[in-house]
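**Q** For reference, this is structure_2.tsv, and it has TSV, C-alpha atoms and all ligand atoms.
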chain	number	residue	atom	x	y	z
A	347	MET	CA	116.67	115.74	101.71
A	348	LYS	CA	115.28	116.45	105.17
A	349	ASP	CA	118.06	114.26	106.60
A	350	LYS	CA	120.56	116.68	105.17
A	351	LEU	CA	119.42	119.79	107.01
A	352	ILE	CA	120.20	120.35	110.68
A	353	VAL	CA	118.76	123.45	112.32
A	354	ALA	CA	120.72	124.92	115.23
A	355	LEU	CA	118.34	125.66	118.11
A	356	ASP	CA	120.48	128.53	119.36
A	357	VAL	CA	117.85	129.98	121.71
A	358	ALA	CA	117.73	130.41	125.48
A	359	THR	CA	114.36	129.01	126.49
A	360	LEU	CA	112.26	125.89	126.03
A	361	GLN	CA	109.40	128.14	124.89
A	362	GLU	CA	111.46	129.50	122.00
A	363	ALA	CA	112.68	125.98	121.17
A	364	THR	CA	109.08	124.70	121.21
A	365	ARG	CA	107.97	127.52	118.93
A	366	LEU	CA	110.70	126.64	116.40
A	367	LEU	CA	109.98	122.91	116.63
A	368	GLU	CA	106.31	123.54	115.94
A	369	GLU	CA	106.96	126.03	113.17
A	370	LEU	CA	109.42	123.68	111.45
A	371	ASN	CA	107.40	120.52	111.99
A	372	GLY	CA	107.25	118.44	108.82
A	373	VAL	CA	110.09	120.42	107.25
A	374	VAL	CA	113.09	119.79	109.53
A	375	GLN	CA	113.93	116.43	111.13
A	376	ILE	CA	117.23	117.10	112.93
A	377	PHE	CA	117.89	119.81	115.50
A	378	LYS	CA	121.20	120.83	117.00
A	379	ILE	CA	121.43	121.69	120.67
A	380	GLY	CA	124.61	123.61	121.43
A	381	SER	CA	126.19	125.18	124.48
A	382	PHE	CA	123.71	128.09	124.58
A	383	LEU	CA	120.46	126.12	124.90
A	384	PHE	CA	122.07	123.27	126.84
A	385	THR	CA	123.62	125.59	129.43
A	386	ALA	CA	120.31	127.36	129.86
A	387	GLN	CA	118.01	124.34	129.93
A	388	GLY	CA	120.08	121.15	130.33
A	389	PRO	CA	118.85	117.68	129.28
A	390	GLN	CA	115.27	118.94	129.26
A	391	ALA	CA	116.05	120.51	125.88
A	392	ILE	CA	117.08	117.10	124.51
A	393	ARG	CA	113.92	115.46	125.87
A	394	LEU	CA	111.79	118.19	124.31
A	395	VAL	CA	113.18	117.55	120.81
A	396	LYS	CA	113.02	113.75	121.20
A	397	GLU	CA	109.42	113.91	122.44
A	398	LYS	CA	108.52	115.70	119.21
A	399	GLY	CA	109.93	112.70	117.31
A	400	LYS	CA	112.96	114.57	115.96
A	401	LYS	CA	116.65	113.70	115.96
A	402	VAL	CA	119.11	115.53	118.20
A	403	PHE	CA	122.65	116.59	117.47
A	404	LEU	CA	124.20	117.47	120.84
A	405	ASP	CA	126.95	119.91	119.91
A	406	LEU	CA	128.88	120.46	123.13
A	407	LYS	CA	132.28	119.92	121.48
A	408	PHE	CA	133.60	117.80	124.34
A	409	HIS	CA	137.25	118.58	125.07
A	410	ASP	CA	138.58	117.17	128.34
A	411	ILE	CA	140.60	114.25	129.70
A	412	PRO	CA	139.64	110.92	128.07
A	413	SER	CA	137.73	109.42	131.03
A	414	THR	CA	135.62	112.54	131.58
A	415	VAL	CA	134.70	112.76	127.90
A	416	ALA	CA	133.93	109.02	127.75
A	417	ARG	CA	131.52	109.32	130.69
A	418	ALA	CA	129.86	112.39	129.18
A	419	CYS	CA	129.44	110.46	125.91
A	420	GLU	CA	127.76	107.61	127.78
A	421	VAL	CA	125.32	110.00	129.42
A	422	ALA	CA	124.55	111.60	126.05
A	423	SER	CA	124.02	108.15	124.56
A	424	ASP	CA	121.62	107.25	127.37
A	425	LEU	CA	119.71	110.45	126.58
A	426	GLU	CA	119.34	109.00	123.06
A	427	VAL	CA	121.04	111.80	121.19
A	428	ASP	CA	121.67	110.87	117.57
A	429	PHE	CA	124.85	112.87	116.87
A	430	LEU	CA	127.47	114.11	119.32
A	431	SER	CA	130.50	116.35	118.81
A	432	LEU	CA	133.97	116.05	120.32
A	433	HIS	CA	136.83	118.45	119.75
A	434	THR	CA	139.67	116.86	117.81
A	435	PHE	CA	142.08	119.05	119.82
A	436	GLY	CA	141.27	116.77	122.76
A	437	GLY	CA	143.64	114.26	121.18
A	438	PHE	CA	143.69	110.73	119.83
A	439	GLU	CA	143.25	108.95	123.16
A	440	MET	CA	140.27	111.13	124.10
A	441	MET	CA	138.51	110.32	120.82
A	442	GLU	CA	139.45	106.64	120.83
A	443	THR	CA	138.27	106.16	124.43
A	444	ALA	CA	134.92	107.72	123.55
A	445	VAL	CA	134.57	105.38	120.57
A	446	SER	CA	135.43	102.26	122.56
A	447	THR	CA	133.16	103.26	125.46
A	448	LEU	CA	130.14	103.47	123.16
A	449	TYR	CA	131.15	100.55	120.96
A	450	LEU	CA	129.06	97.89	122.69
A	451	LYS	CA	125.91	100.00	123.02
A	452	GLU	CA	123.04	98.72	120.95
A	453	LYS	CA	122.14	102.23	119.90
A	454	ARG	CA	124.73	104.95	120.10
A	455	PRO	CA	125.15	108.47	118.72
A	456	LYS	CA	127.35	109.11	115.70
A	457	LEU	CA	130.54	110.74	116.94
A	458	LEU	CA	131.73	113.79	115.05
A	459	GLY	CA	135.04	115.57	115.40
A	460	VAL	CA	135.12	119.35	115.39
A	461	THR	CA	138.10	120.46	113.31
A	462	LEU	CA	138.63	124.23	113.21
A	463	LEU	CA	135.63	126.43	113.92
A	464	THR	CA	134.19	128.15	110.88
A	465	SER	CA	134.71	131.50	112.63
A	466	LEU	CA	138.50	131.04	112.51
A	467	ASP	CA	140.98	131.80	109.76
A	468	ASP	CA	144.73	131.76	109.03
A	469	ALA	CA	145.27	134.71	111.40
A	470	PHE	CA	143.94	132.53	114.25
A	471	LEU	CA	146.55	129.86	113.59
A	472	GLN	CA	149.19	132.53	113.56
A	473	ASP	CA	148.01	134.39	116.69
A	474	VAL	CA	146.66	131.71	118.98
A	475	MET	CA	148.48	128.57	118.00
A	476	GLY	CA	151.80	130.27	117.41
A	477	THR	CA	151.70	128.94	113.82
A	478	SER	CA	152.40	125.33	113.00
A	479	GLY	CA	153.39	126.30	109.49
A	480	ARG	CA	150.09	124.84	108.25
A	481	SER	CA	147.29	126.85	106.65
A	482	VAL	CA	143.71	126.52	107.92
A	483	ARG	CA	143.03	124.15	105.05
A	484	GLN	CA	145.98	121.90	105.84
A	485	GLU	CA	145.18	121.98	109.55
A	486	VAL	CA	141.54	121.00	108.99
A	487	LEU	CA	142.54	118.17	106.67
A	488	HIS	CA	145.03	116.91	109.22
A	489	LEU	CA	142.41	117.04	112.02
A	490	ALA	CA	139.80	115.23	109.90
A	491	HIS	CA	142.29	112.40	109.26
A	492	PHE	CA	143.12	112.36	112.93
A	493	ALA	CA	139.41	111.98	113.82
A	494	GLN	CA	138.96	109.21	111.28
A	495	SER	CA	141.96	107.27	112.49
A	496	ALA	CA	140.62	107.44	116.07
A	497	GLY	CA	137.40	105.80	114.85
A	498	LEU	CA	135.00	108.78	114.77
A	499	ASP	CA	132.09	108.55	112.34
A	500	GLY	CA	132.71	111.93	110.77
A	501	ALA	CA	133.79	115.52	111.19
A	502	ILE	CA	132.47	119.05	111.21
A	503	ALA	CA	134.25	121.34	108.80
A	504	SER	CA	133.65	124.50	106.85
A	505	PRO	CA	132.42	124.31	103.25
A	506	GLU	CA	135.84	125.47	102.13
A	507	GLU	CA	137.54	122.28	103.25
A	508	VAL	CA	134.78	119.75	102.59
A	509	GLU	CA	135.90	118.82	99.10
A	510	ALA	CA	139.44	117.97	100.17
A	511	ILE	CA	138.28	116.00	103.22
A	512	ARG	CA	135.78	114.04	101.15
A	513	ARG	CA	138.52	113.15	98.68
A	514	ASP	CA	140.91	112.03	101.41
A	515	CYS	CA	138.58	110.41	103.93
A	516	GLY	CA	136.19	108.66	101.54
A	517	LYS	CA	132.44	108.38	101.03
A	518	GLU	CA	131.57	106.77	104.37
A	519	PHE	CA	133.03	109.55	106.52
A	520	LEU	CA	130.18	111.86	107.56
A	521	LEU	CA	130.78	115.54	106.86
A	522	LEU	CA	128.62	118.16	108.55
A	523	THR	CA	129.04	121.71	107.44
A	524	PRO	CA	128.15	124.93	109.28
A	525	GLY	CA	129.01	128.37	107.93
A	526	ILE	CA	126.15	128.28	105.42
A	527	ARG	CA	124.88	131.58	104.10
A	528	LEU	CA	122.44	132.35	101.30
A	529	ALA	CA	123.55	133.90	98.03
A	530	ASP	CA	121.32	136.96	98.68
A	531	PRO	CA	123.68	139.99	98.73
A	532	PHE	CA	121.96	141.30	101.88
A	533	THR	CA	122.74	138.13	103.83
A	534	LYS	CA	124.86	138.80	106.91
A	535	LYS	CA	127.85	136.55	107.58
A	536	GLU	CA	127.76	137.48	111.28
A	537	ASP	CA	130.73	135.83	113.02
A	538	GLN	CA	131.21	133.15	110.36
A	539	VAL	CA	134.29	133.60	108.16
A	540	ARG	CA	134.59	130.53	105.91
A	541	THR	CA	131.09	130.39	104.40
A	542	THR	CA	129.26	129.25	101.28
A	543	THR	CA	125.72	128.66	99.98
A	544	PRO	CA	123.67	125.49	100.67
A	545	ARG	CA	123.95	124.38	97.04
A	546	GLU	CA	127.70	124.87	96.89
A	547	ALA	CA	128.29	123.05	100.20
A	548	LEU	CA	126.43	119.97	98.91
A	549	LEU	CA	128.22	120.09	95.58
A	550	ARG	CA	131.50	120.04	97.46
A	551	GLY	CA	130.49	116.82	99.23
A	552	ALA	CA	128.83	117.79	102.54
A	553	ASP	CA	126.39	115.17	103.90
A	554	CYS	CA	124.48	117.59	106.12
A	555	LEU	CA	124.24	121.35	106.45
A	556	ILE	CA	124.06	122.95	109.88
A	557	ILE	CA	122.12	126.19	109.70
A	558	GLY	CA	121.17	128.49	112.55
A	559	ARG	CA	120.50	132.20	112.19
A	560	PRO	CA	119.49	132.23	108.50
A	561	ILE	CA	116.52	130.07	109.60
A	562	ILE	CA	115.81	130.75	113.26
A	563	GLN	CA	116.08	134.53	112.93
A	564	ALA	CA	114.13	134.71	109.67
A	565	LYS	CA	110.74	136.43	109.69
A	566	SER	CA	109.28	133.03	108.82
A	567	PRO	CA	111.64	130.21	109.85
A	568	ARG	CA	109.44	127.71	108.01
A	569	GLU	CA	109.61	129.62	104.72
A	570	ALA	CA	113.36	130.11	105.12
A	571	ALA	CA	113.87	126.37	105.70
A	572	GLU	CA	111.64	125.47	102.75
A	573	GLU	CA	113.56	127.86	100.53
A	574	ILE	CA	116.87	126.32	101.58
A	575	LEU	CA	115.55	122.77	101.02
A	576	LYS	CA	114.39	123.81	97.56
A	577	GLU	CA	117.90	125.04	96.77
A	578	MET	CA	119.39	121.82	98.17
A	579	GLU	CA	117.09	119.69	96.01
A	580	THR	CA	118.56	121.22	92.86
A	581	VAL	CA	121.79	119.39	93.66
A	582	ILE	CA	120.63	115.90	94.48
A	583	GLN	CA	118.66	114.96	91.35
B	1	LIG	O1	123.77	130.80	112.96
B	1	LIG	P1	124.75	129.95	112.19
B	1	LIG	O2	124.16	129.37	110.91
B	1	LIG	O3	126.07	130.65	111.96
B	1	LIG	O4	125.00	128.72	113.16
B	1	LIG	C1	125.96	127.74	112.94
B	1	LIG	C2	125.88	126.76	114.07
B	1	LIG	O5	126.90	125.79	113.89
B	1	LIG	C3	126.12	127.36	115.47
B	1	LIG	O6	125.26	126.68	116.36
B	1	LIG	C4	127.56	127.05	115.78
B	1	LIG	O7	127.75	126.83	117.16
B	1	LIG	C5	127.78	125.75	115.01
B	1	LIG	N1	129.14	125.45	114.59
B	1	LIG	C6	129.91	126.30	113.82
B	1	LIG	N2	131.20	125.95	113.47
B	1	LIG	C7	131.70	124.76	113.85
B	1	LIG	C8	130.92	123.89	114.61
B	1	LIG	C9	129.63	124.26	114.96
B	1	LIG	O8	129.43	127.36	113.43
B	1	LIG	N3	132.90	124.39	113.45
Can I see the file as structure tokens?
Ligand code: C5P
**A**
Amino acid sequence: MKDKLIVALDVATLQEATRLLEELNGVVQIFKIGSFLFTAQGPQAIRLVKEKGKKVFLDLKFHDIPSTVARACEVASDLEVDFLSLHTFGGFEMMETAVSTLYLKEKRPKLLGVTLLTSLDDAFLQDVMGTSGRSVRQEVLHLAHFAQSAGLDGAIASPEEVEAIRRDCGKEFLLLTPGIRLADPFTKKEDQVRTTTPREALLRGADCLIIGRPIIQAKSPREAAEEILKEMETVIQ
């Protein structure tokens, strides 16, 4: 079950990251380093997590020309990250070049395509993308297929679309799901829009849950993580 929970280390300093790593030791095995911690601390943050014997998901959502992204993927692979995100909006060639660049490496990170951020909704498609005529759900499904056909190992999608992606993309395609919030009526959604509970996300077919604030901002991050794992265990038996 511990391989199904990824905690987002959305903090600014190595001290805060160390405190969370120590507090969650033995409970959480995979930590996500996103643009906040990476911009503040760089590769040192990755080394810190690896030195503690944990897995790293480097979530920088690469989105650039194919050669730049391929080189960034190689560097991330050399830093021994275990999961790495690319933005599907970067296009087929960008994703395919990343896959082929890492193909011959003995050990390489799993490549995950970001579909639509869980903070976005139908109004976003309308306002920013000038509407493609597709709903968020259709767009996410399309992008997940796109990622799979380019050879990525999986995708990141909200709990609301996981079931449909699982059905279409099959059992082997990894699905990581942020936008997780507890059933507690006092839970804040913050900037997440398309959310669900840990139990529901797993029931819908998510392989791993990505959880940040409900754990790292809890009074006791360890207790919060244990509570979430307990809820997750009710699904797997
Ligand atoms: O604090 P919270 O649980 O909302 O954190 C979710 C984490 O997942 C954040 O680090 C955020 O950057 C990341 N994420 C997301 N939606 C995506 C991809 C990543 O919320 N589509």
**Q** Of the residues A:Ile411, A:Ala354, A:Leu360, A:Ala529, which is the one nearest to Phe438 in chain A, using all atoms listed in the file?
**A** A:Ile411
**Q** Distance CA of Ser413 in chain A-CA of Lys451 in chain A, one decimal place?
**A**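 Those two atoms sit 17.1 Å apart.
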**Q** Using all atoms listed in the file, which protein or nucleic acid residues are at most 9 Å from ligand LIG 1 (chain B), as an MDAnalysis selection string?
**A** chainID A and resid 353:356 378:382 405:407 431 460:466 502:504 522:527 535:538 556:563
**Q** Which residues are near Val581 in chain A? Cut-off 9 Å, only C-alpha atoms, ignore same chain within fewer than 3 positions. Put them as a list in words.
**A**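 In the requested form, the answer reads Arg545, Glu546, Leu548, Leu549, Glu577 and Met578 of chain A.
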**Q** Identify the residues around (119.9, 112.4, 118.0) within a radius of 12 Å, measuring from only C-alpha atoms in the coordinates stated by the file, and give them as a PyMOL selection string.
**A** chain A and resi 349+352+375-379+391-405+422-431+453-457
**Q** Could you please take those selected residues and save C-alpha atoms as a compact mmCIF listing (two decimals), in the frame of the given file?
**A**
# COMPACT_ATOMS: atom_id res chain seq x y z
CA ASP A 349 118.06 114.26 106.60
CA ILE A 352 120.20 120.35 110.68
CA GLN A 375 113.93 116.43 111.13
CA ILE A 376 117.23 117.10 112.93
CA PHE A 377 117.89 119.81 115.50
CA LYS A 378 121.20 120.83 117.00
CA ILE A 379 121.43 121.69 120.67
CA ALA A 391 116.05 120.51 125.88
CA ILE A 392 117.08 117.10 124.51
CA ARG A 393 113.92 115.46 125.87
CA LEU A 394 111.79 118.19 124.31
CA VAL A 395 113.18 117.55 120.81
CA LYS A 396 113.02 113.75 121.20
CA GLU A 397 109.42 113.91 122.44
CA LYS A 398 108.52 115.70 119.21
CA GLY A 399 109.93 112.70 117.31
CA LYS A 400 112.96 114.57 115.96
CA LYS A 401 116.65 113.70 115.96
CA VAL A 402 119.11 115.53 118.20
CA PHE A 403 122.65 116.59 117.47
CA LEU A 404 124.20 117.47 120.84
CA ASP A 405 126.95 119.91 119.91
CA ALA A 422 124.55 111.60 126.05
CA SER A 423 124.02 108.15 124.56
CA ASP A 424 121.62 107.25 127.37
CA LEU A 425 119.71 110.45 126.58
CA GLU A 426 119.34 109.00 123.06
CA VAL A 427 121.04 111.80 121.19
CA ASP A 428 121.67 110.87 117.57
CA PHE A 429 124.85 112.87 116.87
CA LEU A 430 127.47 114.11 119.32
CA SER A 431 130.50 116.35 118.81
CA LYS A 453 122.14 102.23 119.90
CA ARG A 454 124.73 104.95 120.10
CA PRO A 455 125.15 108.47 118.72
CA LYS A 456 127.35 109.11 115.70
CA LEU A 457 130.54 110.74 116.94
**Q** Using all atoms listed in the file, can you tell me which of A:Ala496, A:Leu489, A:Ala564, A:Leu458 comes closest to Ser446 in chain A?
**A** A:Ala496
**Q** I'd like the interatomic distance between CA of Asp473 in chain A and CA of His488 in chain A, to a tenth of an Å.
**A**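 Straight-line distance from CA of Asp473 in chain A to CA of His488 in chain A works out to 19.2 Å.
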**Q** Quick one: pull the distance between CA of His433 in chain A and CA of Thr364 in chain A, Å, one decimal.
**A** 28.5 Å
**Q** Give me the residues near Leu520 in chain A as a PyMOL selection string, where near means some atom within 10 Å (using only C-alpha atoms) and where sequence neighbours in that chain fewer than 5 positions away do not count.
**A** chain A and resi 456-459+494+498-502+512+515+551-554
**Q** I want to know what sits within 7 Å of Val373 in chain A, based on only C-alpha atoms, with residues of the same chain fewer than 2 positions away left out; could you give that as a list in words?
**A**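 Here the answer would be Lys348, Leu370, Asn371, Gln375 and Glu572 of chain A.
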**Q** So, counting only C-alpha atoms, which residue among A:Thr541, A:Phe470, A:Tyr449, A:Phe435 is closest to Ala490 in chain A?
**A** A:Phe435
**Q** Given all atoms listed in the file as the basis, pick out the residue of A:Pro389, A:Lys350, A:Arg365, A:Ala358 nearest to Val421 in chain A.
**A** A:Pro389
**Q** Looking at A:Arg480, A:Arg513, A:Arg550, A:Lys565, which one is nearest to Leu366 in chain A, with distances taken over all atoms listed in the file?
**A**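 Residue with the minimum atom-to-atom distance to Leu366 in chain A: A:Lys565.
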**Q** Between A:Ala571, A:Val415, A:Val357, A:Leu367, which residue has the minimum interatomic distance to Thr385 in chain A, considering only C-alpha atoms?
**A**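 Using only C-alpha atoms, Thr385 in chain A sits closest to A:Val357.
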**Q** Neighbours of His491 in chain A within 8 Å (all atoms listed in the file; same-chain residues fewer than 4 positions away dropped), as a list in words?
**A**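 Within the cut-off, the hits are Leu487, Ser495, Asp514 and Cys515 of chain A.
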**Q** If we count all atoms listed in the file and set the cut-off at 8 Å, which residues sit around Met441 in chain A, ignoring sequence neighbours fewer than 3 positions away in its own chain? Please answer as number ranges by chain.
**A** A: 412, 432, 434, 436-438, 444-445, 493, 496-498
